[in-house]
$ cat work_9.cif   # mmCIF, C-alpha atoms
data_final
#
loop_
_atom_site.group_PDB
_atom_site.id
_atom_site.type_symbol
_atom_site.label_atom_id
_atom_site.label_comp_id
_atom_site.auth_asym_id
_atom_site.auth_seq_id
_atom_site.Cartn_x
_atom_site.Cartn_y
_atom_site.Cartn_z
ATOM 1 C CA PRO C 1 56.096 136.831 50.853
ATOM 2 C CA ALA C 2 52.922 136.213 52.822
ATOM 3 C CA LEU C 3 49.975 138.575 52.477
ATOM 4 C CA GLY C 4 48.804 140.273 55.659
ATOM 5 C CA ILE C 5 45.240 139.825 56.861
ATOM 6 C CA GLU C 6 43.522 140.780 60.136
ATOM 7 C CA THR C 7 41.137 138.589 62.101
ATOM 8 C CA LYS C 8 40.646 141.124 64.883
ATOM 9 C CA ARG C 9 41.820 144.474 66.248
ATOM 10 C CA GLY C 10 42.756 145.509 69.759
ATOM 11 C CA CYS C 11 44.918 143.980 72.476
ATOM 12 C CA PRO C 12 43.947 143.600 76.158
ATOM 13 C CA LEU C 13 47.503 142.801 77.315
ATOM 14 C CA ASN C 14 49.686 145.209 79.283
ATOM 15 C CA CYS C 15 53.193 144.660 77.941
ATOM 16 C CA ALA C 16 55.302 147.550 79.197
ATOM 17 C CA TYR C 17 56.951 148.384 75.862
ATOM 18 C CA CYS C 18 54.017 147.935 73.478
ATOM 19 C CA VAL C 19 51.895 150.587 71.752
ATOM 20 C CA TYR C 20 49.233 148.243 70.323
ATOM 21 C CA PRO C 21 46.709 149.059 73.071
ATOM 22 C CA LYS C 22 47.108 152.765 72.222
ATOM 23 C CA LEU C 23 47.024 152.242 68.460
ATOM 24 C CA GLN C 24 44.146 149.770 68.347
ATOM 25 C CA GLY C 25 42.557 150.021 71.782
ATOM 26 C CA LYS C 26 42.391 147.389 74.503
ATOM 27 C CA LYS C 27 38.969 146.082 73.490
ATOM 28 C CA LEU C 28 38.990 143.186 71.044
ATOM 29 C CA ARG C 29 36.879 143.615 67.918
ATOM 30 C CA CYS C 30 36.738 140.297 66.120
ATOM 31 C CA ARG C 31 35.745 139.691 62.531
ATOM 32 C CA GLN C 32 33.363 136.870 61.817
ATOM 33 C CA PRO C 33 35.495 133.768 61.170
ATOM 34 C CA GLU C 34 33.589 133.048 57.950
ATOM 35 C CA ASP C 35 34.367 136.566 56.681
ATOM 36 C CA VAL C 36 38.086 136.060 57.323
ATOM 37 C CA VAL C 37 38.100 132.808 55.368
ATOM 38 C CA ASP C 38 35.938 134.381 52.639
ATOM 39 C CA GLU C 39 38.706 136.955 52.138
ATOM 40 C CA MET C 40 41.405 134.288 52.081
ATOM 41 C CA GLU C 41 39.429 132.171 49.621
ATOM 42 C CA SER C 42 38.799 135.151 47.354
ATOM 43 C CA LEU C 43 42.481 136.121 47.312
ATOM 44 C CA TYR C 44 43.442 132.528 46.564
ATOM 45 C CA LYS C 45 40.938 132.046 43.732
ATOM 46 C CA GLU C 46 41.352 135.476 42.109
ATOM 47 C CA TYR C 47 45.069 136.122 42.596
ATOM 48 C CA GLY C 48 46.620 132.778 43.532
ATOM 49 C CA VAL C 49 47.588 133.923 47.033
ATOM 50 C CA ARG C 50 48.460 130.880 49.116
ATOM 51 C CA ASP C 51 50.481 132.306 52.011
ATOM 52 C CA PHE C 52 48.983 134.561 54.679
ATOM 53 C CA HIS C 53 50.220 136.258 57.832
ATOM 54 C CA PHE C 54 47.587 137.137 60.425
ATOM 55 C CA ASN C 55 48.518 140.681 61.466
ATOM 56 C CA ASP C 56 46.694 140.583 64.810
ATOM 57 C CA PRO C 57 48.866 141.687 67.751
ATOM 58 C CA VAL C 58 48.322 138.146 69.085
ATOM 59 C CA VAL C 59 46.544 135.753 66.752
ATOM 60 C CA ASN C 60 45.317 133.255 69.361
ATOM 61 C CA ILE C 61 43.905 135.639 71.931
ATOM 62 C CA LEU C 62 40.398 134.265 72.143
ATOM 63 C CA PRO C 63 41.563 130.789 71.065
ATOM 64 C CA ASP C 64 38.019 129.785 70.081
ATOM 65 C CA HIS C 65 38.007 132.550 67.454
ATOM 66 C CA LEU C 66 41.183 131.302 65.780
ATOM 67 C CA ASP C 67 40.065 127.689 66.166
ATOM 68 C CA THR C 68 36.835 128.460 64.296
ATOM 69 C CA ILE C 69 38.800 130.129 61.482
ATOM 70 C CA CYS C 70 41.031 127.060 61.220
ATOM 71 C CA ARG C 71 38.117 124.651 61.139
ATOM 72 C CA GLU C 72 36.541 126.751 58.370
ATOM 73 C CA ILE C 73 39.789 126.615 56.346
ATOM 74 C CA LEU C 74 39.739 122.837 56.715
ATOM 75 C CA ARG C 75 36.040 122.574 55.872
ATOM 76 C CA ARG C 76 36.603 124.439 52.605
ATOM 77 C CA LYS C 77 39.808 122.480 51.919
ATOM 78 C CA LEU C 78 41.652 125.709 51.124
ATOM 79 C CA PRO C 79 45.262 124.934 50.076
ATOM 80 C CA VAL C 80 46.738 127.850 52.026
ATOM 81 C CA THR C 81 49.389 128.384 54.681
ATOM 82 C CA TRP C 82 49.390 131.003 57.412
ATOM 83 C CA THR C 83 51.479 132.396 60.254
ATOM 84 C CA GLY C 84 50.957 134.683 63.238
ATOM 85 C CA PHE C 85 52.280 135.659 66.646
ATOM 86 C CA PHE C 86 50.975 133.349 69.364
ATOM 87 C CA ARG C 87 50.435 133.747 73.096
ATOM 88 C CA GLU C 88 52.295 130.881 74.785
ATOM 89 C CA ASN C 89 49.915 130.183 77.675
ATOM 90 C CA LEU C 90 46.874 129.807 75.387
ATOM 91 C CA LEU C 91 48.225 126.771 73.539
ATOM 92 C CA ASP C 92 47.347 123.167 74.226
ATOM 93 C CA GLU C 93 47.922 119.907 72.388
ATOM 94 C CA GLU C 94 44.531 120.015 70.661
ATOM 95 C CA ASN C 95 44.694 123.519 69.217
ATOM 96 C CA VAL C 96 48.359 123.164 68.202
ATOM 97 C CA ARG C 97 47.358 120.104 66.164
ATOM 98 C CA LEU C 98 44.453 122.033 64.631
ATOM 99 C CA TYR C 99 46.705 124.939 63.655
ATOM 100 C CA GLU C 100 49.167 122.600 61.960
ATOM 101 C CA GLU C 101 46.415 120.751 60.084
ATOM 102 C CA SER C 102 44.861 123.995 58.838
ATOM 103 C CA GLY C 103 48.118 125.246 57.338
ATOM 104 C CA CYS C 104 50.109 127.022 60.051
ATOM 105 C CA SER C 105 53.622 127.216 58.634
ATOM 106 C CA CYS C 106 55.334 128.998 61.537
ATOM 107 C CA PHE C 107 54.621 129.411 65.238
ATOM 108 C CA SER C 108 56.020 132.867 66.050
ATOM 109 C CA PHE C 109 56.456 133.670 69.733
ATOM 110 C CA SER C 110 57.459 136.975 71.283
ATOM 111 C CA PRO C 111 57.926 136.223 74.982
ATOM 112 C CA ASP C 112 60.554 139.012 74.982
ATOM 113 C CA GLY C 113 61.885 138.291 78.467
ATOM 114 C CA LEU C 114 64.807 135.858 78.730
ATOM 115 C CA SER C 115 64.310 135.378 82.469
ATOM 116 C CA GLN C 116 61.433 135.586 84.914
ATOM 117 C CA GLU C 117 62.823 138.913 86.114
ATOM 118 C CA ALA C 118 62.730 140.271 82.557
ATOM 119 C CA LEU C 119 59.251 138.875 81.920
ATOM 120 C CA ASP C 120 57.998 140.639 85.049
ATOM 121 C CA ALA C 121 59.741 143.919 84.181
ATOM 122 C CA LEU C 122 58.123 143.852 80.732
ATOM 123 C CA GLY C 123 54.661 143.176 82.151
ATOM 124 C CA LYS C 124 54.263 140.021 80.079
ATOM 125 C CA ASN C 125 52.177 138.127 82.650
ATOM 126 C CA LEU C 126 53.997 134.980 81.515
ATOM 127 C CA THR C 127 56.349 132.550 83.201
ATOM 128 C CA GLU C 128 59.403 130.675 81.982
ATOM 129 C CA VAL C 129 57.292 127.537 82.456
ATOM 130 C CA ASP C 130 54.723 128.915 79.964
ATOM 131 C CA ILE C 131 57.475 129.473 77.393
ATOM 132 C CA LEU C 132 58.939 126.001 77.806
ATOM 133 C CA LYS C 133 55.504 124.348 77.726
ATOM 134 C CA ALA C 134 54.692 126.096 74.430
ATOM 135 C CA ALA C 135 58.072 125.026 73.077
ATOM 136 C CA LYS C 136 57.388 121.391 73.949
ATOM 137 C CA LEU C 137 53.974 121.524 72.268
ATOM 138 C CA THR C 138 55.247 123.061 69.037
ATOM 139 C CA SER C 139 58.400 120.922 68.978
ATOM 140 C CA GLN C 140 56.164 117.891 68.430
ATOM 141 C CA THR C 141 54.924 119.305 65.118
ATOM 142 C CA ASN C 142 56.469 119.629 61.673
ATOM 143 C CA VAL C 143 56.005 123.400 61.860
ATOM 144 C CA CYS C 144 58.870 125.887 62.158
ATOM 145 C CA THR C 145 59.006 127.818 65.455
ATOM 146 C CA MET C 146 60.534 131.271 65.978
ATOM 147 C CA TYR C 147 61.256 133.220 69.164
ATOM 148 C CA HIS C 148 61.749 136.950 69.725
ATOM 149 C CA PHE C 149 63.454 138.234 72.863
ATOM 150 C CA MET C 150 64.656 141.626 74.123
ATOM 151 C CA VAL C 151 67.976 142.490 75.738
ATOM 152 C CA ASN C 152 68.930 145.432 77.933
ATOM 153 C CA VAL C 153 65.628 145.072 79.766
ATOM 154 C CA PRO C 154 65.284 147.092 83.015
ATOM 155 C CA GLY C 155 66.931 145.188 85.869
ATOM 156 C CA GLU C 156 69.139 143.089 83.601
ATOM 157 C CA ASN C 157 72.354 141.990 85.327
ATOM 158 C CA ALA C 158 74.951 139.258 85.225
ATOM 159 C CA LYS C 159 72.613 136.807 86.977
ATOM 160 C CA THR C 160 69.661 137.352 84.619
ATOM 161 C CA ILE C 161 71.966 137.145 81.586
ATOM 162 C CA VAL C 162 73.095 133.685 82.710
ATOM 163 C CA LYS C 163 69.465 132.672 83.250
ATOM 164 C CA GLY C 164 68.651 133.896 79.759
ATOM 165 C CA MET C 165 71.431 131.792 78.257
ATOM 166 C CA GLU C 166 70.103 128.783 80.140
ATOM 167 C CA LEU C 167 66.579 129.393 78.793
ATOM 168 C CA LEU C 168 67.925 129.572 75.236
ATOM 169 C CA ASP C 169 69.809 126.306 75.773
ATOM 170 C CA ARG C 170 66.572 124.657 76.923
ATOM 171 C CA LEU C 171 64.733 125.869 73.807
ATOM 172 C CA TYR C 172 67.457 124.465 71.554
ATOM 173 C CA GLU C 173 67.298 121.147 73.418
ATOM 174 C CA ILE C 174 63.500 120.942 73.172
ATOM 175 C CA HIS C 175 63.446 121.565 69.428
ATOM 176 C CA GLU C 176 66.499 119.424 68.673
ATOM 177 C CA MET C 177 64.667 116.156 67.972
ATOM 178 C CA ASN C 178 62.417 117.521 65.204
ATOM 179 C CA ARG C 179 64.888 120.230 64.197
ATOM 180 C CA ASN C 180 62.009 122.693 63.812
ATOM 181 C CA LEU C 181 63.568 125.717 65.491
ATOM 182 C CA GLY C 182 63.605 128.403 62.815
ATOM 183 C CA THR C 183 65.452 131.261 64.459
ATOM 184 C CA VAL C 184 65.870 133.164 67.709
ATOM 185 C CA VAL C 185 65.797 136.950 67.331
ATOM 186 C CA LEU C 186 67.406 139.195 69.956
ATOM 187 C CA ASN C 187 66.359 142.849 69.814
ATOM 188 C CA ASN C 188 67.326 145.786 71.981
ATOM 189 C CA ILE C 189 64.552 146.982 74.279
ATOM 190 C CA ARG C 190 62.471 149.565 72.464
ATOM 191 C CA ILE C 191 61.263 152.689 74.239
ATOM 192 C CA LEU C 192 58.190 154.255 72.664
ATOM 193 C CA PRO C 193 56.251 157.347 73.845
ATOM 194 C CA GLY C 194 53.403 156.767 76.251
ATOM 195 C CA THR C 195 54.474 153.294 77.317
ATOM 196 C CA PRO C 196 55.321 152.209 80.877
ATOM 197 C CA ILE C 197 58.864 151.425 79.730
ATOM 198 C CA GLU C 198 59.301 155.096 78.822
ATOM 199 C CA GLY C 199 58.427 156.023 82.398
ATOM 200 C CA MET C 200 60.968 153.528 83.715
ATOM 201 C CA ALA C 201 63.651 154.977 81.430
ATOM 202 C CA ARG C 202 62.947 158.553 82.522
ATOM 203 C CA GLU C 203 63.287 157.583 86.183
ATOM 204 C CA LEU C 204 66.811 156.257 85.653
#
$ encode --input "work_9.cif" --output "structure tokens"
Amino acid sequence: PALGIETKRGCPLNCAYCVYPKLQGKKLRCRQPEDVVDEMESLYKEYGVRDFHFNDPVVNILPDHLDTICREILRRKLPVTWTGFFRENLLDEENVRLYEESGCSCFSFSPDGLSQEALDALGKNLTEVDILKAAKLTSQTNVCTMYHFMVNVPGENAKTIVKGMELLDRLYEIHEMNRNLGTVVLNNIRILPGTPIEGMAREL
């Protein structure tokens, strides 16, 4: 199993179901990229750790921060792999290539909403276009890609369920050529204290 490591704390997003902003605060506090790679290098040299998972709520918020970490991994020629949860609309062709070259072994996405209606209800500030664009970028790599979605989202109905099935079909089609779709996880909506989704549930 991969060893967890943090590059930053805090999350400025406003996802309706998430407690990260309450647990860690909304302000980002970033570690120095060199310090992150120092820790990885030490764990590799002293204990043989080669696989890491960046535990940040979203690893590529502040893409320049992650990019600098990746360039430092490459500069030191560390033979490590790493994973993390990525924000779809912060990816482009250049940084996706950098992440693969520096050892990213899995692009994990948690768009959560299977339709635009669900994305809006969950406060994701994402579009279906963002999800499909990220899929196309990662499908061109040799890196596994995973997706996490939620069901029973507020406002879900027969129409949004069909739209969700269509979105899943598009993801399968996009990843078909390189066969790098790892898995698609469907979870029930979670309702945690102090979140906007709790307020929605209590109003029903």
$ closest_residue --input "work_9.cif" --among "C:Pro12, C:Gly182, C:Gly4, C:Pro154" --to "Thr138 (chain C)" --atoms "all atoms listed in the file"
C:Gly182
$ resolve_selection --input "work_9.cif" --expression "the PyMOL selection byres ((chain C and resi 56) around 9)" --output "list of chain:residue names"
C:Ile5, C:Glu6, C:Thr7, C:Lys8, C:Arg9, C:Gly10, C:Cys11, C:His53, C:Phe54, C:Asn55, C:Pro57, C:Val58, C:Val59, C:Asn60, C:Gly84, C:Phe85
$ closest_atom_pairs --input "work_9.cif" --of "region 55-84 of chain C" --to "region 38-49 of chain C" --cutoff "9 Å" --atoms "all atoms listed in the file" --output "tab-separated table"
residue	atom	partner	partner_atom	distance
C:Ile73	CA	C:Glu41	CA	8.7
C:Arg76	CA	C:Glu41	CA	8.8
C:Leu78	CA	C:Glu41	CA	7.0
C:Pro79	CA	C:Tyr44	CA	8.6
C:Val80	CA	C:Val49	CA	7.9
$ resolve_selection --input "work_9.cif" --expression "the PyMOL selection byres ((chain C and resi 144) around 10)" --output "list of chain:residue names"
C:Cys104, C:Ser105, C:Cys106, C:Phe107, C:Ser108, C:Thr138, C:Ser139, C:Thr141, C:Asn142, C:Val143, C:Thr145, C:Met146, C:His175, C:Asn178, C:Arg179, C:Asn180, C:Leu181, C:Gly182, C:Thr183
$ resolve_selection --input "work_9.cif" --expression "the PyMOL selection byres ((chain C and resi 195-200) around 12)" --output "list in words"
Asn14, Cys15, Ala16, Tyr17, Cys18, Val19, Tyr20, Pro21, Lys22, Leu23, Ala121, Leu122, Gly123, Asn152, Val153, Pro154, Gly155, Ile189, Arg190, Ile191, Leu192, Pro193, Gly194, Ala201, Arg202, Glu203 and Leu204 of chain C
$ atom_distance --input "work_9.cif" --atom1 "CA of Leu28 (chain C)" --atom2 "CA of Leu13 (chain C)"
10.6 Å
$ atom_distance --input "work_9.cif" --atom1 "CA of Thr68 (chain C)" --atom2 "CA of Gln32 (chain C)"
9.4 Å
$ residues_around --input "work_9.cif" --residues "Asp64 (chain C)" --least-positions-apart "3" --cutoff "12 Å" --atoms "only C-alpha atoms" --output "list in words"
Cys30, Gln32, Pro33, Val59, Asn60, Ile61, Asp67, Thr68, Ile69, Cys70, Arg71, Leu90, Leu91, Glu94, Asn95, Leu98 and Tyr99 of chain C
$ atom_distance --input "work_9.cif" --atom1 "CA of Arg97 (chain C)" --atom2 "CA of Ala135 (chain C)"
13.7 Å
$ residues_around --input "work_9.cif" --residues "Asn89 (chain C)" --least-positions-apart "3" --cutoff "8 Å" --atoms "all atoms listed in the file" --output "ChimeraX atom specification"
/C:126,130-131,134
$ write_last_selection --input "work_9.cif" --atoms "C-alpha atoms" --output "short mmCIF file (atom, residue, chain, number, x, y, z; two decimals), keeping the file's coordinate frame"
data_model
loop_
_atom_site.label_atom_id
_atom_site.label_comp_id
_atom_site.auth_asym_id
_atom_site.auth_seq_id
_atom_site.Cartn_x
_atom_site.Cartn_y
_atom_site.Cartn_z
CA LEU C 126 54.00 134.98 81.52
CA ASP C 130 54.72 128.92 79.96
CA ILE C 131 57.48 129.47 77.39
CA ALA C 134 54.69 126.10 74.43
#
$ closest_residue --input "work_9.cif" --among "C:Gly103, C:Ala158, C:Glu72, C:Asp120" --to "Arg50 (chain C)" --atoms "only C-alpha atoms"
C:Gly103
$ residues_near_point --input "work_9.cif" --point "(61.2, 137.6, 77.4)" --cutoff "7 Å" --atoms "all atoms listed in the file" --output "list in words"
Pro111, Asp112, Gly113, Leu114, Ser115, Ala118, Leu119, Phe149 and Met150 of chain C
$ closest_residue --input "work_9.cif" --among "C:Leu137, C:Lys26, C:Glu117, C:Tyr147" --to "Lys163 (chain C)" --atoms "all atoms listed in the file"
C:Glu117
$ closest_residue --input "work_9.cif" --among "C:Glu101, C:Glu128, C:Glu88, C:Glu166" --to "Arg75 (chain C)" --atoms "only C-alpha atoms"
C:Glu101
$ closest_residue --input "work_9.cif" --among "C:Leu186, C:Glu100, C:Glu93, C:Gly164" --to "Leu74 (chain C)" --atoms "only C-alpha atoms"
C:Glu100
$ closest_residue --input "work_9.cif" --among "C:Thr81, C:Val184, C:Arg87, C:Asp51" --to "Pro63 (chain C)" --atoms "only C-alpha atoms"
C:Arg87
